[in-house]
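The next block is data_30.tsv, given as TSV, C-alpha atoms.
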chain	number	residue	atom	x	y	z
A	253	MET	CA	22.94	58.90	36.39
A	254	THR	CA	24.14	57.02	39.51
A	255	ARG	CA	22.49	59.59	41.81
A	256	THR	CA	19.19	59.31	39.91
A	257	LYS	CA	19.30	55.54	40.17
A	258	ALA	CA	20.02	55.71	43.89
A	259	VAL	CA	17.13	58.13	44.44
A	260	ALA	CA	14.80	55.81	42.51
A	261	TRP	CA	15.75	52.75	44.57
A	262	ALA	CA	15.49	54.75	47.78
A	263	GLY	CA	11.96	55.79	46.82
A	264	GLY	CA	11.03	52.17	46.09
A	265	ALA	CA	12.36	51.02	49.46
A	266	SER	CA	10.52	53.87	51.21
A	267	TYR	CA	7.27	52.84	49.53
A	268	LEU	CA	7.61	49.25	50.75
A	269	LEU	CA	8.44	50.54	54.24
A	270	VAL	CA	5.35	52.76	54.33
A	271	VAL	CA	3.15	49.87	53.12
A	272	GLY	CA	4.61	47.66	55.86
A	273	LEU	CA	3.84	50.30	58.49
A	274	LEU	CA	0.27	50.63	57.21
A	275	VAL	CA	-0.30	46.87	57.30
A	276	GLY	CA	1.46	45.94	60.53
A	277	GLY	CA	1.80	49.17	62.44
A	278	ALA	CA	-1.81	50.39	62.42
A	279	PRO	CA	-4.05	47.34	62.60
A	280	ARG	CA	-6.97	49.21	64.17
A	281	ALA	CA	-7.04	52.06	61.68
A	282	SER	CA	-9.99	52.25	59.28
A	283	GLY	CA	-9.79	50.92	55.73
A	284	THR	CA	-10.06	54.45	54.36
A	285	VAL	CA	-6.90	55.46	56.25
A	286	HIS	CA	-5.05	52.46	54.82
A	287	GLY	CA	-6.27	53.13	51.28
A	288	VAL	CA	-5.43	56.84	51.31
A	289	GLY	CA	-2.06	56.15	52.93
A	290	ALA	CA	-1.12	53.59	50.25
A	291	LEU	CA	-2.32	55.94	47.50
A	292	LEU	CA	-0.17	58.80	48.80
A	293	ALA	CA	2.80	56.49	49.35
A	294	ALA	CA	2.78	55.64	45.65
A	295	SER	CA	4.27	59.08	44.98
A	296	LEU	CA	7.55	57.71	46.35
A	297	LEU	CA	7.75	55.49	43.26
A	298	THR	CA	8.20	58.41	40.85
A	299	GLY	CA	11.87	57.62	40.25
A	300	VAL	CA	11.19	53.91	39.72
A	301	LEU	CA	8.29	54.77	37.41
A	302	ARG	CA	10.51	56.92	35.19
A	303	ARG	CA	13.18	54.22	34.89
A	304	THR	CA	11.18	50.95	34.89
A	305	PRO	CA	7.39	51.36	34.74
A	306	LEU	CA	6.83	47.60	34.91
A	307	LEU	CA	8.67	47.35	38.23
A	308	ALA	CA	6.65	50.28	39.56
A	309	LEU	CA	3.45	48.49	38.48
A	310	ALA	CA	4.51	45.29	40.26
A	311	MET	CA	5.34	47.23	43.44
A	312	THR	CA	2.04	49.13	43.48
A	313	LEU	CA	0.14	45.91	42.79
A	314	PHE	CA	1.92	44.21	45.67
A	315	GLY	CA	1.47	47.16	48.03
A	316	SER	CA	-2.21	47.64	47.20
A	317	THR	CA	-2.89	43.91	47.64
A	318	ALA	CA	-1.08	43.90	51.00
A	319	VAL	CA	-3.16	46.84	52.20
A	320	VAL	CA	-6.40	45.14	51.12
A	321	VAL	CA	-5.56	41.68	52.54
A	322	GLY	CA	-3.97	42.87	55.81
A	323	PRO	CA	-3.99	43.78	58.61
A	324	PRO	CA	-4.81	40.51	60.35
A	325	GLY	CA	-7.37	39.99	63.08
A	326	SER	CA	-10.62	41.82	63.43
A	327	ALA	CA	-9.98	44.25	60.59
A	328	ARG	CA	-9.92	41.33	58.14
A	329	THR	CA	-13.48	40.33	59.04
A	330	SER	CA	-14.83	43.82	58.44
A	331	LEU	CA	-13.48	44.29	54.91
A	332	ALA	CA	-16.94	44.10	53.42
A	333	VAL	CA	-17.89	47.21	55.33
A	334	SER	CA	-14.64	49.15	54.84
A	335	TYR	CA	-14.19	48.22	51.17
A	336	PRO	CA	-14.85	51.63	49.60
A	337	GLY	CA	-11.93	53.17	51.49
A	338	GLN	CA	-9.71	50.09	51.59
A	339	PHE	CA	-9.62	49.73	47.80
A	340	LEU	CA	-8.52	53.31	47.18
A	341	SER	CA	-4.96	51.96	47.11
A	342	TYR	CA	-5.66	50.38	43.71
A	343	LEU	CA	-6.05	53.82	42.15
A	344	ALA	CA	-2.26	54.17	42.33
A	345	MET	CA	-1.91	50.90	40.43
A	346	ASP	CA	-4.34	52.20	37.79
A	347	LEU	CA	-2.27	55.36	37.33
A	348	VAL	CA	0.92	53.37	36.89
A	349	LEU	CA	-0.89	51.01	34.51
A	350	SER	CA	-1.85	53.94	32.27
A	351	ILE	CA	1.83	54.88	31.95
A	352	VAL	CA	2.74	51.27	31.14
A	353	VAL	CA	0.10	51.21	28.38
A	354	ALA	CA	1.40	54.52	27.01
A	355	THR	CA	5.08	53.57	26.93
A	356	HIS	CA	5.27	49.82	26.24
A	357	THR	CA	4.33	47.57	23.36
A	358	ARG	CA	0.79	46.32	22.95
A	359	ARG	CA	1.71	42.78	23.96
A	360	VAL	CA	3.33	43.92	27.22
A	361	SER	CA	0.42	46.26	27.89
A	362	VAL	CA	-2.16	43.48	27.40
A	363	VAL	CA	-0.29	41.18	29.79
A	364	ALA	CA	0.01	43.94	32.40
A	365	VAL	CA	-3.70	44.80	32.17
A	366	ALA	CA	-4.71	41.12	32.36
A	367	VAL	CA	-2.58	40.42	35.44
A	368	SER	CA	-3.70	43.60	37.25
A	369	LEU	CA	-7.36	43.01	36.48
A	370	THR	CA	-7.20	39.36	37.52
A	371	VAL	CA	-5.58	40.13	40.88
A	372	GLN	CA	-8.01	42.93	41.59
A	373	LEU	CA	-11.12	40.90	40.69
A	374	LEU	CA	-9.93	37.90	42.73
A	375	LEU	CA	-9.55	40.09	45.79
A	376	ILE	CA	-12.95	41.67	45.22
A	377	GLY	CA	-14.54	38.25	44.87
A	378	GLY	CA	-12.82	36.97	47.99
A	379	PHE	CA	-13.47	39.86	50.35
A	380	ALA	CA	-16.55	41.69	49.09
A	381	HIS	CA	-20.06	40.31	49.63
A	382	GLY	CA	-23.59	41.12	48.57
A	383	ASP	CA	-24.20	44.46	46.88
A	384	SER	CA	-20.66	45.61	47.58
A	385	LEU	CA	-19.37	42.83	45.31
A	386	THR	CA	-21.22	44.22	42.28
A	387	VAL	CA	-20.41	47.85	43.07
A	388	SER	CA	-16.78	47.04	43.76
A	389	SER	CA	-16.40	45.08	40.50
A	390	VAL	CA	-18.00	47.85	38.43
A	391	ILE	CA	-15.83	50.54	40.03
A	392	ALA	CA	-12.68	48.49	39.50
A	393	LEU	CA	-13.53	47.84	35.84
A	394	LEU	CA	-14.36	51.50	35.19
A	395	ALA	CA	-11.18	52.74	36.88
A	396	MET	CA	-9.01	50.32	34.91
A	397	ALA	CA	-10.80	51.15	31.64
A	398	ALA	CA	-10.23	54.86	32.25
A	399	SER	CA	-6.52	54.30	32.93
A	400	CYS	CA	-6.15	52.17	29.79
A	401	MET	CA	-7.93	54.77	27.64
A	402	ALA	CA	-5.71	57.53	29.03
A	403	GLY	CA	-2.63	55.45	28.23
A	404	LEU	CA	-3.84	54.69	24.70
A	405	LEU	CA	-4.59	58.36	24.03
A	406	SER	CA	-1.15	59.34	25.29
A	407	ARG	CA	0.47	56.67	23.08
A	408	GLU	CA	-1.44	57.81	19.97
A	409	ARG	CA	-0.59	61.43	20.63
A	410	ARG	CA	3.10	60.61	21.03
A	411	GLU	CA	3.12	58.46	17.89
A	412	TYR	CA	1.37	61.20	15.94
A	413	ALA	CA	3.86	63.81	17.16
A	414	SER	CA	6.75	61.51	16.23
A	415	ALA	CA	5.30	60.90	12.76
A	416	LEU	CA	4.77	64.63	12.30
A	417	ARG	CA	8.38	65.37	13.28
A	418	SER	CA	9.63	62.67	10.90
A	419	GLN	CA	7.54	64.15	8.11
A	420	GLU	CA	8.85	67.64	8.80
A	421	VAL	CA	12.43	66.36	8.78
A	422	ALA	CA	11.84	64.51	5.50
A	423	GLN	CA	10.29	67.61	3.93
A	424	ALA	CA	13.18	69.77	5.12
A	425	VAL	CA	15.71	67.30	3.70
A	426	THR	CA	13.84	67.16	0.39
A	427	ALA	CA	13.61	70.95	0.19
A	428	GLU	CA	17.32	71.30	0.94
A	429	ARG	CA	18.21	68.69	-1.69
A	430	LEU	CA	16.11	70.51	-4.27
A	431	ARG	CA	17.72	73.81	-3.34
A	432	ILE	CA	21.21	72.36	-3.72
A	433	ALA	CA	20.22	70.71	-7.01
A	434	ARG	CA	18.90	74.04	-8.35
A	435	GLU	CA	22.03	75.90	-7.30
A	436	LEU	CA	24.38	73.32	-8.82
A	437	HIS	CA	22.37	73.10	-12.03
A	438	ASP	CA	22.10	76.86	-12.51
A	439	MET	CA	25.77	77.37	-11.69
A	440	ILE	CA	27.15	74.55	-13.84
A	441	ALA	CA	24.75	74.38	-16.80
A	442	HIS	CA	25.57	77.87	-18.04
A	443	SER	CA	29.32	77.34	-17.73
A	444	ILE	CA	29.23	73.96	-19.42
A	445	GLY	CA	27.16	75.42	-22.26
A	446	VAL	CA	29.69	78.20	-22.77
A	447	ILE	CA	32.58	75.72	-22.66
A	448	ALA	CA	30.88	73.45	-25.19
A	449	ILE	CA	30.31	76.33	-27.62
A	450	GLN	CA	33.86	77.63	-27.25
A	451	ALA	CA	35.32	74.16	-27.66
A	452	GLY	CA	33.32	73.70	-30.86
A	453	VAL	CA	34.50	77.04	-32.21
A	454	GLY	CA	38.11	76.28	-31.33
A	455	SER	CA	38.08	72.85	-32.96
A	456	ARG	CA	36.70	74.30	-36.21
A	457	VAL	CA	39.16	77.20	-36.55
A	458	ILE	CA	42.29	75.77	-34.96
A	459	GLN	CA	43.88	75.10	-38.36
A	460	THR	CA	42.78	78.21	-40.22
A	461	GLN	CA	42.54	80.84	-37.43
A	462	PRO	CA	44.95	80.03	-34.58
A	463	ALA	CA	44.33	83.36	-32.88
A	464	GLU	CA	40.59	82.69	-32.73
A	465	ALA	CA	41.27	79.21	-31.33
A	466	ARG	CA	43.51	80.68	-28.62
A	467	GLU	CA	40.74	83.10	-27.61
A	468	ALA	CA	38.31	80.19	-27.36
A	469	LEU	CA	40.76	78.25	-25.18
A	470	ARG	CA	41.24	81.29	-22.92
A	471	ALA	CA	37.47	81.61	-22.56
A	472	ILE	CA	37.23	77.91	-21.71
A	473	GLU	CA	39.97	78.29	-19.11
A	474	ALA	CA	38.39	81.35	-17.50
A	475	THR	CA	34.92	79.80	-17.41
A	476	SER	CA	36.29	76.55	-15.99
A	477	ARG	CA	38.13	78.37	-13.22
A	478	GLN	CA	35.03	80.35	-12.30
A	479	THR	CA	32.94	77.18	-12.20
A	480	LEU	CA	35.50	75.36	-10.06
A	481	ALA	CA	35.62	78.28	-7.64
A	482	GLY	CA	31.84	78.28	-7.37
A	483	LEU	CA	31.76	74.53	-6.80
A	484	ARG	CA	34.45	74.84	-4.14
A	485	ARG	CA	32.48	77.51	-2.29
A	486	THR	CA	29.33	75.39	-2.46
A	487	LEU	CA	31.08	72.28	-1.15
A	488	VAL	CA	32.75	74.23	1.65
A	489	ALA	CA	29.36	75.61	2.67
A	490	LEU	CA	27.87	72.11	2.68
A	491	ARG	CA	30.71	70.57	4.66
A	492	GLN	CA	30.97	73.38	7.19
A	493	THR	CA	29.03	72.19	10.25
A	494	ASP	CA	29.41	75.34	12.34
A	495	ARG	CA	28.68	78.47	10.37
A	496	ASP	CA	30.26	80.74	12.94
A	497	ALA	CA	33.44	78.71	13.43
A	498	PRO	CA	36.29	79.59	11.08
A	499	VAL	CA	37.64	76.71	9.02
A	500	SER	CA	41.39	76.68	8.62
A	501	GLY	CA	42.70	76.81	5.10
A	502	GLN	CA	39.38	77.80	3.59
A	503	ALA	CA	38.57	80.98	1.81
A	504	PRO	CA	35.64	83.01	3.06
A	505	ARG	CA	32.39	82.38	1.31
A	506	ALA	CA	31.56	84.81	-1.46
A	507	PRO	CA	28.15	86.49	-1.40
A	508	SER	CA	25.42	84.98	-3.52
A	509	PRO	CA	25.19	86.43	-7.03
A	510	GLY	CA	22.48	88.90	-7.90
A	511	LEU	CA	21.35	91.26	-10.61
A	512	ALA	CA	24.38	93.43	-9.90
A	513	ASP	CA	26.55	90.60	-11.31
A	514	ILE	CA	24.61	90.28	-14.54
A	515	GLU	CA	27.35	92.01	-16.56
A	516	GLY	CA	29.70	89.09	-16.01
A	517	LEU	CA	26.97	86.74	-17.14
A	518	ILE	CA	26.42	88.76	-20.30
A	519	THR	CA	30.15	88.76	-21.04
A	520	ALA	CA	30.35	84.99	-20.71
A	521	THR	CA	27.28	84.57	-22.93
A	522	ALA	CA	28.78	86.91	-25.55
A	523	GLY	CA	31.91	84.79	-25.50
A	524	ALA	CA	29.74	81.82	-26.43
A	525	GLY	CA	28.48	83.68	-29.50
A	526	VAL	CA	25.21	85.18	-28.22
A	527	LEU	CA	24.96	88.95	-27.83
A	528	VAL	CA	22.65	90.04	-25.04
A	529	ASP	CA	20.79	93.35	-25.02
A	530	VAL	CA	19.96	94.23	-21.40
A	531	ARG	CA	17.51	96.94	-20.48
A	532	PHE	CA	16.69	98.08	-16.96
A	533	SER	CA	13.61	100.10	-16.10
A	534	GLY	CA	12.02	101.38	-12.94
A	535	ASP	CA	13.64	102.46	-9.72
A	536	GLN	CA	16.73	100.25	-9.39
A	537	ARG	CA	17.23	99.51	-5.70
A	538	PRO	CA	18.58	96.76	-3.45
A	539	LEU	CA	16.38	93.70	-3.38
A	540	PRO	CA	15.92	90.97	-0.77
A	541	ALA	CA	18.62	88.33	-1.12
A	542	ASP	CA	16.25	85.51	-2.14
A	543	ILE	CA	14.55	87.58	-4.85
A	544	ASP	CA	17.87	88.94	-6.14
A	545	LEU	CA	19.40	85.47	-6.36
A	546	SER	CA	16.31	83.94	-7.99
A	547	ALA	CA	16.15	86.69	-10.63
A	548	TYR	CA	19.83	86.18	-11.44
A	549	ARG	CA	19.41	82.41	-11.71
A	550	ILE	CA	16.37	82.77	-13.96
A	551	VAL	CA	18.32	85.03	-16.34
A	552	GLN	CA	21.28	82.64	-16.19
A	553	GLU	CA	19.21	79.57	-17.02
A	554	ALA	CA	17.33	81.36	-19.79
A	555	LEU	CA	20.61	82.50	-21.38
A	556	THR	CA	21.96	78.96	-21.05
A	557	ASN	CA	18.99	77.65	-23.01
A	558	VAL	CA	19.50	80.33	-25.65
A	559	VAL	CA	23.16	79.33	-26.06
A	560	ARG	CA	22.41	75.61	-26.19
A	561	HIS	CA	19.11	75.39	-28.03
A	562	ALA	CA	17.97	78.63	-29.71
A	563	GLY	CA	20.44	78.66	-32.60
A	564	THR	CA	20.54	82.45	-32.65
A	565	GLY	CA	23.20	85.06	-31.99
A	566	HIS	CA	21.06	87.60	-30.21
A	567	CYS	CA	18.58	87.85	-27.34
A	568	ARG	CA	17.00	90.53	-25.18
A	569	VAL	CA	16.74	90.78	-21.40
A	570	ALA	CA	14.35	93.27	-19.80
A	571	ILE	CA	14.35	93.82	-16.03
A	572	ASP	CA	11.68	96.10	-14.59
A	573	TYR	CA	11.82	97.25	-10.96
A	574	GLY	CA	8.14	97.82	-10.28
A	575	ASP	CA	6.54	99.09	-7.12
A	576	GLU	CA	4.97	95.73	-6.28
A	577	GLU	CA	6.89	93.20	-8.35
A	578	LEU	CA	10.12	92.56	-10.21
A	579	SER	CA	9.61	91.60	-13.85
A	580	VAL	CA	12.24	89.61	-15.73
A	581	ASP	CA	11.74	88.92	-19.47
A	582	ILE	CA	14.17	87.01	-21.67
A	583	VAL	CA	13.25	86.86	-25.37
A	584	ASP	CA	15.13	85.40	-28.35
A	585	ASP	CA	14.45	85.07	-32.07
A	586	GLY	CA	15.70	81.50	-32.37
A	587	ARG	CA	13.96	78.32	-33.36
A	588	GLY	CA	11.74	78.15	-30.27
A	589	ALA	CA	11.37	75.11	-28.04
A	590	PRO	CA	13.76	72.26	-28.81
A	591	GLU	CA	12.26	69.02	-30.00
A	592	ASN	CA	13.63	66.85	-27.20
A	593	GLY	CA	16.00	68.99	-25.19
A	594	ALA	CA	14.97	71.55	-22.63
A	595	ALA	CA	11.52	70.07	-22.16
A	596	HIS	CA	13.15	67.08	-20.47
A	597	GLY	CA	15.80	68.98	-18.52
A	598	PHE	CA	15.80	70.47	-15.05
A	599	GLY	CA	16.36	74.13	-15.93
A	600	ILE	CA	12.75	75.11	-16.45
A	601	ILE	CA	11.72	72.94	-13.51
A	602	GLY	CA	14.22	74.79	-11.32
A	603	MET	CA	12.90	78.16	-12.52
A	604	ARG	CA	9.33	77.13	-11.70
A	605	GLU	CA	10.38	76.00	-8.22
A	606	ARG	CA	12.22	79.24	-7.52
A	607	VAL	CA	9.28	81.37	-8.63
A	608	ALA	CA	6.80	79.22	-6.69
A	609	LEU	CA	8.82	79.58	-3.48
A	610	LEU	CA	8.55	83.36	-3.85
A	611	HIS	CA	4.80	83.20	-4.68
A	612	GLY	CA	5.43	84.62	-8.14
A	613	HIS	CA	4.36	83.73	-11.68
A	614	LEU	CA	6.37	82.21	-14.53
A	615	ARG	CA	5.49	81.93	-18.19
A	616	VAL	CA	7.75	79.86	-20.40
A	617	GLY	CA	7.11	78.89	-24.02
A	618	PRO	CA	7.55	79.68	-27.70
A	619	ARG	CA	6.34	83.01	-29.07
A	620	PRO	CA	3.75	83.16	-31.87
A	621	GLU	CA	6.09	85.29	-34.01
A	622	GLY	CA	8.96	82.87	-33.44
A	623	GLY	CA	11.57	82.39	-30.81
A	624	PHE	CA	11.22	81.65	-27.13
A	625	ARG	CA	10.25	83.70	-24.08
A	626	VAL	CA	10.78	83.39	-20.34
A	627	ALA	CA	8.76	85.84	-18.26
A	628	ALA	CA	8.95	85.86	-14.45
A	629	ARG	CA	7.03	88.06	-12.04
A	630	LEU	CA	8.42	88.13	-8.50
A	631	PRO	CA	6.41	89.99	-5.82
A	632	LEU	CA	8.37	92.55	-3.85
A	633	PRO	CA	7.81	93.21	-0.13
A	634	GLN	CA	5.90	96.35	0.63
A	635	PRO	CA	8.01	99.18	2.07
A	636	VAL	CA	7.35	100.08	5.68
A	637	ALA	CA	5.06	103.09	5.85
A	638	VAL	CA	6.28	105.99	7.96
A	639	PRO	CA	3.55	108.07	9.67
A	640	THR	CA	3.30	111.72	8.70
A	641	GLU	CA	3.89	112.81	12.28
A	642	ALA	CA	7.15	110.87	12.40
A	643	ARG	CA	8.32	112.36	9.12
Take the structure in this file and express it as structure tokens.
Amino acid sequence: MTRTKAVAWAGGASYLLVVGLLVGGAPRASGTVHGVGALLAASLLTGVLRRTPLLALAMTLFGSTAVVVGPPGSARTSLAVSYPGQFLSYLAMDLVLSIVVATHTRRVSVVAVAVSLTVQLLLIGGFAHGDSLTVSSVIALLAMAASCMAGLLSRERREYASALRSQEVAQAVTAERLRIARELHDMIAHSIGVIAIQAGVGSRVIQTQPAEAREALRAIEATSRQTLAGLRRTLVALRQTDRDAPVSGQAPRAPSPGLADIEGLITATAGAGVLVDVRFSGDQRPLPADIDLSAYRIVQEALTNVVRHAGTGHCRVAIDYGDEELSVDIVDDGRGAPENGAAHGFGIIGMRERVALLHGHLRVGPRPEGGFRVAARLPLPQPVAVPTEAR
């Protein structure tokens, strides 16, 4: 940082030195030589321009004015003739002004434009005569207008890019929050439903059937431990900032559940009093992780709703491994949609979001013959075709 600052100040001092040499060291040179020399010397202000654009603008305004006003003597009387070349030095000021307009507030930009334009027009009015006065004024106004427009376009583009990045960040945060909410809901809702059913069973039979009550308490304990372990893994994953760095005292993260873990889900649902008949069809094969997890969560949420709302002791789950899509159907013979329960919860909303993210289709609702049905269709990626020659 200190070296950059020193280079910037050295460039500013070099610019002033070059302007001084142009004004005092070459009094007989033409105005075009002075203008081009001052324009090229402005490149020495790159460091100052990056750090303080307003200071760079003041220096270029001073240097350009010095080149136009000086050198003294006979050159001063011939400014009307040499104007087109002499005023080239103000192009550097216009370039710096465009950067000031692009990087500073509107109030500062307006003041900078007003001061620069006033100084330039005063010099034109004082040293240009006849037709050159009109031409010089028009050229100065057009050059300054072009620099201001370039600065405004750069500002709008930067503001648009910043707004777009902010929107992308907000969308990413919202998507991540929804994903976490779905995971926590699907993981906890089923376990809490099972615990509630088992607790109800235990409280009713604790006096008459102690053995049955003990089984219910064991099921509550096992389900609670599994839920706590899942919550702990989720919280560790959320708090772990570096995925590759090992965290001391933490267990490795377990893989996400999938259809291969559905037996444990069925066992827990049976413990809550609902027998599940599972049928697989098609060519069972490994699935992409997102599809496998979503299918598992859909079955889990559907079984949770059966336990909590259906009022039945049996349901059917059909999983079909098709060539182009995975079909998941959960059907029960209960009392259908609850009056004021699941319609206002987040389970069905979470299922719809999961299916939508995978570009699938979801049908949820009561059946005409009674009961409730959840049907999901999840597209599967096409297998990579192998040419006959390669085979």
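The residue that comes closest to Arg477 of chain A, out of A:Val453, A:Ala262, A:Ile440, A:Leu614 and on the basis of all atoms listed in the file, is A:Ile440.
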Distance cut-off 8 Å, centre (22.5, 77.6, -13.4) in file coordinates, counting all atoms listed in the file: which residues qualify? Return them as number ranges by chain. A: 434-442, 549, 552-553, 556, 599
Excluding segment 538-543 of chain A and any residue of its chain fewer than 6 positions from it, enumerate the residues within 12 Å of it, using all atoms listed in the file, and give them as a ChimeraX atom specification. /A:431,507-512,549-550,573-580,606-612,628-635
Nearest to Leu527 of chain A, chosen from A:Thr386, A:Ser399, A:Thr564, A:Ser476, with all atoms listed in the file counted in the distances: A:Thr564
Could you pull the residues within 10 Å of Val259 of chain A, counting only C-alpha atoms, minus those fewer than 6 positions along the same chain, as a short mmCIF file (atom, residue, chain, number, x, y, z; two decimals) with C-alpha atoms, in the frame of the given file?
data_model
loop_
_atom_site.label_atom_id
_atom_site.label_comp_id
_atom_site.auth_asym_id
_atom_site.auth_seq_id
_atom_site.Cartn_x
_atom_site.Cartn_y
_atom_site.Cartn_z
CA MET A 253 22.94 58.90 36.39
CA ALA A 265 12.36 51.02 49.46
CA LEU A 296 7.55 57.71 46.35
CA LEU A 297 7.75 55.49 43.26
CA THR A 298 8.20 58.41 40.85
CA GLY A 299 11.87 57.62 40.25
CA VAL A 300 11.19 53.91 39.72
#
I'd like the interatomic distance between atom CA of Gln419 of chain A and atom CA of Val352 of chain A, to a tenth of an Å.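 Going from atom CA of Gln419 of chain A over to atom CA of Val352 of chain A, I get 26.8 Å.
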Rounded to one decimal place, report the atom CA of Val626 of chain A-atom CA of Ile582 of chain A distance in Å. 5.1 Å
